[in-house]
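What follows is the content of coords.txt, which has compact mmCIF, C-alpha atoms:
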```txt
# COMPACT_ATOMS: atom_id res chain seq x y z
CA MET A 288 25.60 25.25 7.18
CA ILE A 289 26.93 22.21 5.37
CA TYR A 290 27.28 19.96 8.43
CA LEU A 291 23.68 20.30 9.51
CA LYS A 292 22.58 19.88 5.88
CA LEU A 293 24.61 16.66 5.54
CA PHE A 294 23.29 15.30 8.82
CA LEU A 295 19.64 16.04 8.01
CA THR A 296 19.88 14.78 4.43
CA PHE A 297 21.36 11.46 5.49
CA LEU A 298 18.94 11.21 8.40
CA LYS A 299 16.17 11.39 5.81
CA ILE A 300 17.90 8.83 3.60
CA GLY A 301 18.43 6.47 6.54
CA ALA A 302 14.83 6.80 7.66
CA PHE A 303 13.28 6.05 4.25
CA THR A 304 15.47 3.30 2.84
CA PHE A 305 13.83 -0.10 2.96
CA GLY A 306 15.80 -3.15 1.82
CA GLY A 307 19.50 -2.37 2.07
CA GLY A 308 22.20 -0.67 0.01
CA TYR A 309 20.70 -0.52 -3.48
CA ALA A 310 17.30 0.58 -2.17
CA MET A 311 19.17 3.66 -0.99
CA LEU A 312 20.37 4.46 -4.50
CA PRO A 313 17.33 6.41 -5.78
CA LEU A 314 17.30 8.55 -2.61
CA ILE A 315 21.04 9.22 -2.71
CA GLN A 316 20.89 10.01 -6.42
CA TYR A 317 18.05 12.48 -5.87
CA GLU A 318 19.68 14.28 -2.95
CA VAL A 319 23.18 14.36 -4.39
CA LEU A 320 22.01 15.87 -7.67
CA ALA A 321 19.51 18.26 -6.04
CA ASN A 322 22.23 19.60 -3.72
CA ASP A 323 24.84 19.56 -6.48
CA TRP A 324 27.23 17.52 -4.30
CA MET A 325 28.55 15.37 -7.14
CA GLY A 326 27.69 14.36 -10.71
CA GLU A 327 26.18 11.06 -11.85
CA GLU A 328 29.52 9.91 -13.20
CA GLN A 329 31.24 10.46 -9.86
CA LEU A 330 28.35 8.74 -8.07
CA LEU A 331 28.70 5.62 -10.24
CA ASN A 332 32.48 5.56 -9.81
CA PHE A 333 31.94 5.57 -6.12
CA ILE A 334 29.25 2.88 -6.07
CA ALA A 335 31.92 0.59 -7.51
CA VAL A 336 34.35 1.60 -4.78
CA ALA A 337 31.68 1.12 -2.08
CA GLU A 338 30.91 -2.34 -3.45
CA SER A 339 34.51 -3.47 -3.44
CA THR A 340 35.67 -2.11 -0.08
CA PRO A 341 34.73 -3.66 3.28
CA GLY A 342 31.69 -2.56 5.24
CA PRO A 343 28.03 -1.76 4.58
CA VAL A 344 27.53 -0.04 1.21
CA ALA A 345 25.27 2.57 2.83
CA ILE A 346 27.92 3.60 5.36
CA ASN A 347 30.58 3.74 2.66
CA MET A 348 28.40 6.04 0.54
CA ALA A 349 27.52 8.34 3.44
CA THR A 350 31.13 8.63 4.57
CA TYR A 351 32.36 9.35 1.05
CA ILE A 352 29.77 12.01 0.22
CA GLY A 353 30.40 13.52 3.67
CA VAL A 354 34.17 13.74 3.15
CA GLN A 355 33.78 15.12 -0.36
CA THR A 356 31.44 17.93 0.66
CA GLY A 357 32.43 18.72 4.25
CA GLY A 358 35.76 17.07 5.03
CA LEU A 359 36.26 14.79 8.00
CA PHE A 360 33.57 16.38 10.15
CA GLY A 361 31.20 16.24 7.18
CA ALA A 362 31.81 12.49 7.03
CA VAL A 363 30.99 12.18 10.73
CA CYS A 364 27.72 14.10 10.27
CA ALA A 365 26.60 12.13 7.21
CA THR A 366 27.43 8.76 8.77
CA LEU A 367 25.77 9.65 12.05
CA GLY A 368 22.68 10.77 10.13
CA VAL A 369 22.35 7.56 8.12
CA VAL A 370 22.83 5.37 11.22
CA LEU A 371 20.61 7.19 13.71
CA PRO A 372 17.13 6.22 12.41
CA SER A 373 18.12 2.53 12.29
CA PHE A 374 19.57 2.72 15.76
CA VAL A 375 16.51 4.29 17.38
CA ILE A 376 13.94 2.20 15.52
CA ILE A 377 15.71 -1.12 16.14
CA MET A 378 16.19 -0.34 19.84
CA LEU A 379 12.40 -0.02 20.06
CA VAL A 380 11.63 -2.98 17.83
CA ALA A 381 14.02 -5.27 19.74
CA ARG A 382 11.91 -4.71 22.85
CA PHE A 383 8.49 -5.01 21.26
CA TYR A 384 9.40 -7.51 18.65
CA ALA A 385 6.40 -9.85 18.87
CA LYS A 386 3.99 -6.93 18.57
CA TYR A 387 5.90 -5.43 15.67
CA LYS A 388 6.13 -8.66 13.71
CA ASN A 389 2.35 -9.07 13.61
CA SER A 390 1.44 -5.42 13.16
CA PHE A 391 -1.26 -4.88 10.54
CA ILE A 392 0.04 -1.40 9.72
CA VAL A 393 3.68 -2.42 9.26
CA LYS A 394 2.81 -5.45 7.15
CA ASN A 395 0.58 -3.56 4.74
CA CYS A 396 2.82 -0.52 4.43
CA LEU A 397 5.56 -2.93 3.35
CA THR A 398 3.25 -4.52 0.77
CA GLY A 399 3.05 -1.11 -0.88
CA LEU A 400 6.70 -0.19 -0.31
CA ARG A 401 8.38 -3.21 -1.91
CA PRO A 402 7.13 -2.71 -5.49
CA VAL A 403 7.66 1.05 -5.25
CA VAL A 404 11.33 0.56 -4.32
CA ILE A 405 11.71 -1.77 -7.30
CA GLY A 406 10.17 0.83 -9.63
CA LEU A 407 12.48 3.52 -8.24
CA ILE A 408 15.63 1.43 -8.69
CA ALA A 409 14.57 0.65 -12.26
CA SER A 410 14.22 4.36 -12.90
CA ALA A 411 17.67 5.00 -11.36
CA ILE A 412 19.12 2.39 -13.74
CA ILE A 413 17.64 4.23 -16.73
CA THR A 414 18.97 7.67 -15.74
CA LEU A 415 22.39 6.42 -14.61
CA GLY A 416 22.65 4.11 -17.63
CA TYR A 417 21.87 6.99 -19.98
CA GLY A 418 24.89 8.86 -18.59
CA VAL A 419 27.13 5.82 -19.02
CA PHE A 420 26.12 4.84 -22.54
CA PHE A 421 25.46 8.34 -23.90
CA PRO A 422 27.83 10.68 -22.05
CA ILE A 423 27.45 13.32 -24.78
CA GLY A 424 23.71 12.79 -25.35
CA ILE A 425 22.02 10.76 -28.11
CA SER A 426 23.19 11.62 -31.62
CA LEU A 427 24.73 9.75 -34.53
CA SER A 428 28.24 10.29 -33.18
CA ALA A 429 27.21 8.81 -29.81
CA PHE A 430 27.28 5.33 -31.36
CA GLY A 431 31.07 5.19 -31.53
CA PHE A 432 33.72 2.90 -30.20
CA GLN A 433 33.13 3.84 -26.58
CA PHE A 434 29.41 3.13 -26.80
CA PHE A 435 30.02 -0.36 -28.14
CA SER A 436 32.73 -1.09 -25.56
CA SER A 437 30.35 -0.06 -22.77
CA VAL A 438 27.56 -2.25 -24.19
CA VAL A 439 29.91 -5.24 -24.43
CA ILE A 440 31.21 -4.76 -20.86
CA PHE A 441 27.63 -4.36 -19.60
CA GLY A 442 26.55 -7.54 -21.42
CA ILE A 443 29.44 -9.63 -20.12
CA VAL A 444 28.94 -8.48 -16.53
CA VAL A 445 25.17 -9.07 -16.60
CA VAL A 446 25.68 -12.65 -17.77
CA LEU A 447 28.42 -13.38 -15.22
CA ALA A 448 26.49 -11.66 -12.39
CA PHE A 449 23.58 -14.02 -13.02
CA LYS A 450 26.04 -16.91 -12.84
CA LYS A 451 26.78 -15.64 -9.31
CA VAL A 452 30.38 -14.58 -9.96
CA ASN A 453 31.70 -12.50 -7.04
CA PRO A 454 30.98 -8.77 -7.69
CA ILE A 455 34.56 -7.80 -6.81
CA TYR A 456 35.91 -9.92 -9.68
CA LEU A 457 33.30 -8.37 -11.96
CA ILE A 458 34.38 -4.86 -11.00
CA LEU A 459 38.05 -5.76 -11.50
CA GLY A 460 37.17 -7.37 -14.83
CA SER A 461 35.23 -4.28 -15.96
CA ALA A 462 38.21 -2.13 -15.01
CA THR A 463 40.55 -4.29 -17.09
CA LEU A 464 38.19 -4.22 -20.08
CA GLY A 465 37.84 -0.47 -19.67
CA ILE A 466 41.62 -0.04 -19.84
CA VAL A 467 41.97 -2.38 -22.84
CA THR A 468 39.19 -0.72 -24.85
CA GLY A 469 40.36 2.76 -23.82
CA TYR A 470 43.86 2.23 -25.19
CA ALA A 471 42.53 0.30 -28.21
CA GLU A 472 40.39 3.31 -29.14
CA LYS A 473 43.36 5.62 -28.70
CA LEU A 474 45.57 3.47 -30.94
CA LEU A 475 42.94 2.94 -33.63
CA PHE A 476 41.36 6.35 -33.89
CA SER A 477 43.98 8.93 -33.06
CA MET B 68 31.28 -11.06 32.54
CA ASN B 69 30.56 -7.49 33.53
CA LYS B 70 28.74 -5.16 31.21
CA PHE B 71 31.73 -3.08 30.18
CA LYS B 72 33.64 -6.15 29.05
CA LEU B 73 30.57 -7.43 27.20
CA CYS B 74 30.26 -4.13 25.33
CA LEU B 75 33.94 -4.18 24.49
CA SER B 76 33.57 -7.68 23.15
CA LEU B 77 30.50 -6.64 21.08
CA PHE B 78 32.49 -3.75 19.66
CA GLY B 79 35.42 -6.01 18.74
CA THR B 80 33.24 -8.66 17.13
CA PHE B 81 31.29 -6.20 15.00
CA PHE B 82 34.45 -4.31 14.10
CA LYS B 83 35.80 -7.58 12.70
CA ILE B 84 32.55 -8.26 10.85
CA GLY B 85 32.58 -4.73 9.40
CA ALA B 86 36.20 -4.98 8.36
CA PHE B 87 35.96 -8.35 6.65
CA THR B 88 32.73 -8.30 4.67
CA ILE B 89 32.70 -6.86 1.23
CA GLY B 90 29.47 -6.20 -0.62
CA GLY B 91 27.12 -4.87 2.05
CA GLY B 92 24.58 -6.10 4.57
CA TYR B 93 23.51 -9.41 3.07
CA ALA B 94 27.11 -10.54 2.67
CA MET B 95 27.49 -9.89 6.39
CA LEU B 96 24.73 -12.21 7.56
CA PRO B 97 26.62 -15.54 7.44
CA LEU B 98 29.54 -14.04 9.37
CA ILE B 99 27.19 -12.52 11.94
CA GLN B 100 25.47 -15.85 12.40
CA ARG B 101 28.77 -17.65 13.01
CA GLU B 102 30.29 -15.06 15.33
CA VAL B 103 27.25 -13.92 17.24
CA ALA B 104 24.97 -16.96 17.43
CA GLU B 105 27.27 -19.98 17.16
CA LYS B 106 30.45 -18.78 18.86
CA ARG B 107 29.37 -16.18 21.40
CA LYS B 108 25.74 -17.25 21.91
CA TRP B 109 24.59 -13.64 22.31
CA ILE B 110 21.41 -14.58 20.51
CA GLU B 111 19.75 -17.90 19.66
CA GLU B 112 20.09 -19.35 16.19
CA SER B 113 16.36 -19.15 15.60
CA THR B 114 16.50 -15.41 16.33
CA MET B 115 18.85 -15.01 13.36
CA LEU B 116 15.99 -15.64 10.91
CA ASP B 117 13.84 -13.10 12.72
CA ILE B 118 16.65 -10.60 12.55
CA VAL B 119 16.77 -10.80 8.78
CA ALA B 120 13.00 -10.25 8.62
CA ILE B 121 13.23 -7.26 10.97
CA ALA B 122 16.24 -5.73 9.24
CA GLU B 123 14.37 -5.88 5.95
CA SER B 124 11.14 -4.44 7.25
CA THR B 125 12.62 -1.49 9.14
CA PRO B 126 14.30 1.46 7.46
CA GLY B 127 18.08 1.81 7.26
CA PRO B 128 21.10 -0.24 6.26
CA ILE B 129 20.68 -4.01 6.91
CA ALA B 130 24.08 -4.25 8.62
CA ILE B 131 23.31 -1.45 11.09
CA ASN B 132 19.86 -2.85 11.85
CA THR B 133 21.38 -6.25 12.60
CA ALA B 134 24.21 -4.88 14.76
CA THR B 135 21.84 -2.69 16.78
CA PHE B 136 19.42 -5.57 17.29
CA VAL B 137 22.07 -8.01 18.50
CA GLY B 138 23.65 -5.35 20.73
CA THR B 139 20.32 -4.42 22.33
CA ARG B 140 19.46 -8.04 23.01
CA ALA B 141 22.90 -8.75 24.50
CA ALA B 142 23.48 -5.63 26.60
CA GLY B 143 20.78 -2.97 26.19
CA PHE B 144 21.56 0.55 24.98
CA TRP B 145 25.34 0.47 25.42
CA GLY B 146 25.46 -2.92 23.76
CA ALA B 147 23.64 -1.49 20.75
CA PHE B 148 25.95 1.51 20.77
CA ALA B 149 29.12 -0.61 20.89
CA SER B 150 27.97 -2.98 18.12
CA THR B 151 26.86 -0.20 15.80
CA LEU B 152 30.05 1.78 16.34
CA GLY B 153 32.06 -1.38 15.67
CA THR B 154 30.24 -2.00 12.36
CA VAL B 155 30.65 1.58 11.17
CA MET B 156 34.30 2.22 12.16
CA PRO B 157 36.15 0.11 9.56
CA SER B 158 34.09 1.58 6.69
CA PHE B 159 34.54 5.06 8.02
CA ILE B 160 38.31 4.80 8.31
CA ILE B 161 38.86 3.03 4.98
CA ILE B 162 36.57 5.31 2.95
CA THR B 163 37.94 8.50 4.49
CA CYS B 164 41.47 7.47 3.53
CA LEU B 165 40.38 6.30 0.05
CA SER B 166 38.47 9.48 -0.74
CA PHE B 167 41.67 11.51 -0.65
CA VAL B 168 43.39 9.12 -3.06
CA LEU B 169 40.51 8.55 -5.47
CA GLU B 170 40.23 12.08 -6.85
CA SER B 171 43.95 12.39 -7.59
CA ALA B 172 44.03 8.87 -9.06
CA LEU B 173 41.45 9.96 -11.64
CA GLU B 174 44.02 12.34 -13.12
CA PHE B 175 45.80 9.34 -14.61
CA GLU B 176 44.49 8.27 -18.00
CA VAL B 177 44.68 4.58 -17.15
CA VAL B 178 42.46 5.07 -14.06
CA ARG B 179 39.94 7.06 -16.12
CA PHE B 180 39.79 4.25 -18.67
CA ALA B 181 39.36 1.71 -15.87
CA PHE B 182 36.44 3.68 -14.44
CA ASN B 183 34.82 3.96 -17.89
CA GLY B 184 34.66 0.18 -17.84
CA ILE B 185 33.67 -0.01 -14.19
CA ARG B 186 30.65 2.28 -14.68
CA ALA B 187 29.23 -0.01 -17.34
CA GLY B 188 29.88 -2.98 -15.03
CA VAL B 189 28.20 -1.30 -12.07
CA ILE B 190 25.02 -0.65 -14.07
CA ALA B 191 25.01 -4.39 -14.78
CA LEU B 192 25.42 -5.17 -11.06
CA ILE B 193 22.49 -2.91 -10.20
CA VAL B 194 20.37 -4.68 -12.83
CA LYS B 195 21.24 -7.99 -11.17
CA ALA B 196 20.39 -6.62 -7.69
CA LEU B 197 17.07 -5.31 -9.02
CA TRP B 198 16.26 -8.72 -10.47
CA GLY B 199 16.93 -10.35 -7.09
CA MET B 200 14.62 -7.89 -5.31
CA ALA B 201 11.89 -8.24 -7.95
CA LYS B 202 11.95 -12.02 -7.57
CA GLN B 203 11.18 -11.72 -3.86
CA CYS B 204 8.32 -9.29 -4.39
CA PRO B 205 4.83 -10.85 -4.58
CA LYS B 206 3.75 -11.07 -8.20
CA ASN B 207 0.28 -9.66 -8.65
CA MET B 208 -1.55 -6.84 -10.38
CA PHE B 209 -1.27 -4.56 -7.33
CA SER B 210 2.54 -4.84 -7.15
CA ALA B 211 2.89 -4.39 -10.90
CA ILE B 212 0.80 -1.21 -10.92
CA LEU B 213 2.75 0.27 -8.00
CA ALA B 214 6.14 -0.61 -9.51
CA VAL B 215 5.28 0.80 -12.94
CA GLY B 216 3.65 3.84 -11.31
CA ALA B 217 6.72 4.62 -9.16
CA PHE B 218 9.00 4.04 -12.16
CA SER B 219 7.08 6.46 -14.38
CA VAL B 220 6.64 9.16 -11.75
CA ASP B 221 10.34 9.10 -10.90
CA LEU B 222 11.49 9.03 -14.50
CA LEU B 223 9.08 11.58 -15.95
CA THR B 224 8.58 14.09 -13.13
CA LYS B 225 10.81 15.86 -10.63
CA VAL B 226 8.80 14.71 -7.61
CA ASN B 227 11.00 13.99 -4.56
CA VAL B 228 11.61 10.23 -4.23
CA LEU B 229 10.67 10.51 -0.59
CA PHE B 230 7.06 11.27 -1.48
CA VAL B 231 6.94 8.35 -3.90
CA ILE B 232 8.09 6.02 -1.10
CA ILE B 233 5.63 7.44 1.45
CA GLY B 234 2.90 7.25 -1.21
CA GLY B 235 3.63 3.56 -1.76
CA ALA B 236 3.34 2.79 1.95
CA LEU B 237 0.08 4.74 2.25
CA ILE B 238 -1.45 3.04 -0.79
CA GLY B 239 -0.49 -0.37 0.61
CA LEU B 240 -2.10 0.49 3.92
CA SER B 241 -5.28 2.03 2.49
CA VAL B 242 -5.91 -0.85 0.09
CA ALA B 243 -5.59 -3.28 3.01
CA LEU B 244 -7.91 -1.17 5.17
CA ILE B 245 -10.53 -0.94 2.40
CA SER B 246 -10.50 -4.68 1.72
CA LYS B 247 -10.59 -5.39 5.46
CA GLY B 248 -13.56 -3.04 5.82
CA ARG B 249 -15.39 -4.87 3.05
CA GLY B 250 -14.58 -8.21 4.65
CA ASP B 251 -15.94 -7.03 7.99
CA GLY B 252 -19.09 -5.65 6.39
CA LYS B 253 -20.12 -9.04 5.02
```
Translate this structure into C-alpha cells?
Amino acid sequence: MIYLKLFLTFLKIGAFTFGGGYAMLPLIQYEVLANDWMGEEQLLNFIAVAESTPGPVAINMATYIGVQTGGLFGAVCATLGVVLPSFVIIMLVARFYAKYKNSFIVKNCLTGLRPVVIGLIASAIITLGYGVFFPIGISLSAFGFQFFSSVVIFGIVVVLAFKKVNPIYLILGSATLGIVTGYAEKLLFS
Amino acid sequence: MNKFKLCLSLFGTFFKIGAFTIGGGYAMLPLIQREVAEKRKWIEESTMLDIVAIAESTPGPIAINTATFVGTRAAGFWGAFASTLGTVMPSFIIITCLSFVLESALEFEVVRFAFNGIRAGVIALIVKALWGMAKQCPKNMFSAILAVGAFSVDLLTKVNVLFVIIGGALIGLSVALISKGRGDGK
C-alpha cells in the first residue's frame, strides 16, 4: 500500500532530521533509493527546484516525492508524515520549554548528533557528486567535455556561494551555463 | 478577538510567510520575526531567539517547528494547527502543480542541458551549506571522530542512516554520562 508506505517513510524522516532542509538529505536519499522511488539524478534536479520555489525545502521535497509516487493523495500522505513529528513534539516542548532547554539528555544527545549529521551530509555529497561528474562511471572517456563543464560550473558556484550570492541566482546561472556548454559540446563534437 | 478569528489570522500570516520565502526555514526567520513578534505581538521578541534554539534542537523542518511553536503559544492546539497548515499550503499547491510540468519539460533538450548545469551547481550549494553547519559545530576530537565515523559508515556500508543518527545521539549521551559519573566519583 503506497500511501501508508509514503506516510510512514516521511514520518520517519521527519522524526530523525535535526537541523533543517539539508540535514534531511541523507535520509531522503537513503529512502528514495531503497524504495526505488526516483534516481539520484532526478533527486538532484528536484533539490534545485525545491531551493528555488517558495516554502520550506523539506515540505517541497515531501510533496514532490509524494506526487511522483502516489499522485495527489500520495503528496498529502508524505507531507502529513513529515510534518506530524514536528507538530507533536513542538506542542509538548512549547508547554515545558524551560525544562526542555536545560535537559541533560537532550543537550548531550545533540552533542553527538551534530557531527554525525555533518558526516552524513558529506557522504551524500560524495555519492551525489559522483553521479553528477561521472554519469557513466570512471573511465578515460569520462573526462570529456561534459566533465570539465560540470567542474567549472561547480567551481564558479562554490566561490559565489561563499560570497553570499543568493542561491536562486546561482541556480539560474548554473542553468544558463548548462545550456551554453550543452550546445557548445553539440556544435564542437557532433 | 475570539479564538476562531485568531486562528484564521495565524493561518493567513503563516500562509503569507510560506508563500514568500524562498530557500527554506532559515530564510523564513526574519519574516517570522517581523510579522509575528513585531507586528502582531503573538510572542515576545526575546522568545524569537529561543524559538531558533528549539527549532534546531528538535527533529523536523525548522519552518514547521517555528510555526507550531508560535501557534501553540498564541492559541493552543488549534493555533498550532492553523499556523502549520498555513506554512505548508503554499508549498503543497506550488509543488503539486510544478511536478506535472517538470517531467514533460525534461523532454526538451534545452531543459535537459539546463539541468545538467543545475546539478553541478546544487552540489556546490550543498557544499556551502555543509560548511556553514560545520562552522557551528564545536571543534574538538570527539566531534571529529563522530563526523568521520558517520561519513565512513555511510559511504562504505549499506547501514540505514537512521541507525547512524540514533548511534550518534546515544554515543553523545553515554560519553556525557561516563564523564559525569567520573566527576561525581571524585
(message) Just want the 10 Å neighbourhood of Val155 (chain B), counted on all atoms listed in the file, with same-chain residues fewer than 4 positions away dropped. Output as an NGL selection string.
(response) (:A and (342-343 or 345-347 or 350 or 366-367 or 370)) or (:B and (81-82 or 85-86 or 130-131 or 134 or 150-151 or 159-160))
(request) Might you pull out every residue within 7 Å of Leu314 (chain A), with only C-alpha atoms counted and same-chain residues fewer than 3 positions away left off, and present them as a ChimeraX atom specification? (result) /A:300,311,317-318 /B:228
I'd like the neighbourhood of region 141-147 of chain B as a PDB file with C-alpha atoms, keeping the file's coordinate frame, where a residue qualifies if any of its atoms comes within 10 Å (using all atoms listed in the file), though same-chain residues fewer than 6 positions away should be ignored.
```
ATOM      1  CA  PHE A 374      19.570   2.720  15.760  1.00  0.00           C
ATOM      2  CA  VAL A 375      16.510   4.290  17.380  1.00  0.00           C
ATOM      3  CA  ILE A 377      15.710  -1.120  16.140  1.00  0.00           C
ATOM      4  CA  MET A 378      16.190  -0.340  19.840  1.00  0.00           C
ATOM      5  CA  ALA A 381      14.020  -5.270  19.740  1.00  0.00           C
ATOM      6  CA  ARG A 382      11.910  -4.710  22.850  1.00  0.00           C
TER       7      ARG A 382
ATOM      8  CA  LYS B  70      28.740  -5.160  31.210  1.00  0.00           C
ATOM      9  CA  PHE B  71      31.730  -3.080  30.180  1.00  0.00           C
ATOM     10  CA  LEU B  73      30.570  -7.430  27.200  1.00  0.00           C
ATOM     11  CA  CYS B  74      30.260  -4.130  25.330  1.00  0.00           C
ATOM     12  CA  LEU B  75      33.940  -4.180  24.490  1.00  0.00           C
ATOM     13  CA  SER B  76      33.570  -7.680  23.150  1.00  0.00           C
ATOM     14  CA  LEU B  77      30.500  -6.640  21.080  1.00  0.00           C
ATOM     15  CA  PHE B  78      32.490  -3.750  19.660  1.00  0.00           C
ATOM     16  CA  VAL B 103      27.250 -13.920  17.240  1.00  0.00           C
ATOM     17  CA  LYS B 108      25.740 -17.250  21.910  1.00  0.00           C
ATOM     18  CA  TRP B 109      24.590 -13.640  22.310  1.00  0.00           C
ATOM     19  CA  ILE B 110      21.410 -14.580  20.510  1.00  0.00           C
ATOM     20  CA  ILE B 131      23.310  -1.450  11.090  1.00  0.00           C
ATOM     21  CA  ASN B 132      19.860  -2.850  11.850  1.00  0.00           C
ATOM     22  CA  THR B 133      21.380  -6.250  12.600  1.00  0.00           C
ATOM     23  CA  ALA B 134      24.210  -4.880  14.760  1.00  0.00           C
ATOM     24  CA  THR B 135      21.840  -2.690  16.780  1.00  0.00           C
ATOM     25  CA  GLY B 153      32.060  -1.380  15.670  1.00  0.00           C
TER      26      GLY B 153
END
```
(request) Taking all atoms listed in the file into account, report as an MDAnalysis selection string which residues of chain A lie within 6 Å of chain B. (result) chainID A and resid 301:307 331 338 340:344 347 373:374 377 381 395:396 398:400 402:403 406:407 410 437 441 444:445 458 461:462 465:466 469
(request) Rank nothing, just name the residue among A:Phe391, A:Phe421, A:Tyr470, A:Tyr351 nearest to Ile334 (chain A), using all atoms listed in the file. (result) A:Tyr351
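Reported to one decimal place, the separation of CA of Ala411 (chain A) from CA of Gly353 (chain A) is 21.5 Å.
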(request) Extract, using all atoms listed in the file, all DNA, RNA and protein residues at most 8 Å from Leu312 (chain A), discarding same-chain residues fewer than 4 positions from it, and format them as a PyMOL selection string. (result) chain A and resi 308+316+408+411
Starting from the sparse input, extend region 218-236 of chain B to N, CA and C atoms and give the output as a compact mmCIF listing (two decimals), in the frame of the given file.
```txt
# COMPACT_ATOMS: atom_id res chain seq x y z
N PHE B 218 8.01 3.91 -11.09
CA PHE B 218 9.00 4.04 -12.16
C PHE B 218 8.69 5.26 -13.03
N SER B 219 7.43 5.37 -13.46
CA SER B 219 7.08 6.46 -14.38
C SER B 219 7.14 7.82 -13.68
N VAL B 220 6.63 7.88 -12.47
CA VAL B 220 6.64 9.16 -11.75
C VAL B 220 8.08 9.63 -11.56
N ASP B 221 8.96 8.70 -11.17
CA ASP B 221 10.34 9.10 -10.90
C ASP B 221 11.07 9.50 -12.18
N LEU B 222 10.77 8.77 -13.26
CA LEU B 222 11.49 9.03 -14.50
C LEU B 222 10.98 10.30 -15.20
N LEU B 223 9.67 10.52 -15.14
CA LEU B 223 9.08 11.58 -15.95
C LEU B 223 8.85 12.89 -15.20
N THR B 224 8.81 12.85 -13.87
CA THR B 224 8.58 14.09 -13.13
C THR B 224 9.76 14.36 -12.19
N LYS B 225 9.74 15.52 -11.56
CA LYS B 225 10.81 15.86 -10.63
C LYS B 225 10.37 15.70 -9.18
N VAL B 226 9.31 14.92 -8.97
CA VAL B 226 8.80 14.71 -7.61
C VAL B 226 9.90 14.07 -6.74
N ASN B 227 10.03 14.56 -5.51
CA ASN B 227 11.00 13.99 -4.56
C ASN B 227 10.71 12.50 -4.32
N VAL B 228 11.77 11.68 -4.41
CA VAL B 228 11.61 10.23 -4.23
C VAL B 228 10.95 9.89 -2.91
N LEU B 229 11.22 10.73 -1.92
CA LEU B 229 10.67 10.51 -0.59
C LEU B 229 9.15 10.40 -0.62
N PHE B 230 8.51 11.29 -1.41
CA PHE B 230 7.06 11.27 -1.48
C PHE B 230 6.56 10.04 -2.21
N VAL B 231 7.33 9.57 -3.19
CA VAL B 231 6.94 8.35 -3.90
C VAL B 231 6.94 7.18 -2.92
N ILE B 232 7.98 7.11 -2.06
CA ILE B 232 8.09 6.02 -1.10
C ILE B 232 6.95 6.08 -0.08
N ILE B 233 6.72 7.29 0.47
CA ILE B 233 5.63 7.44 1.45
C ILE B 233 4.29 7.10 0.79
N GLY B 234 4.13 7.55 -0.46
CA GLY B 234 2.90 7.25 -1.21
C GLY B 234 2.67 5.76 -1.32
N GLY B 235 3.73 5.01 -1.63
CA GLY B 235 3.63 3.56 -1.76
C GLY B 235 3.15 2.92 -0.47
N ALA B 236 3.73 3.35 0.66
CA ALA B 236 3.34 2.79 1.95
C ALA B 236 1.87 3.10 2.25
```
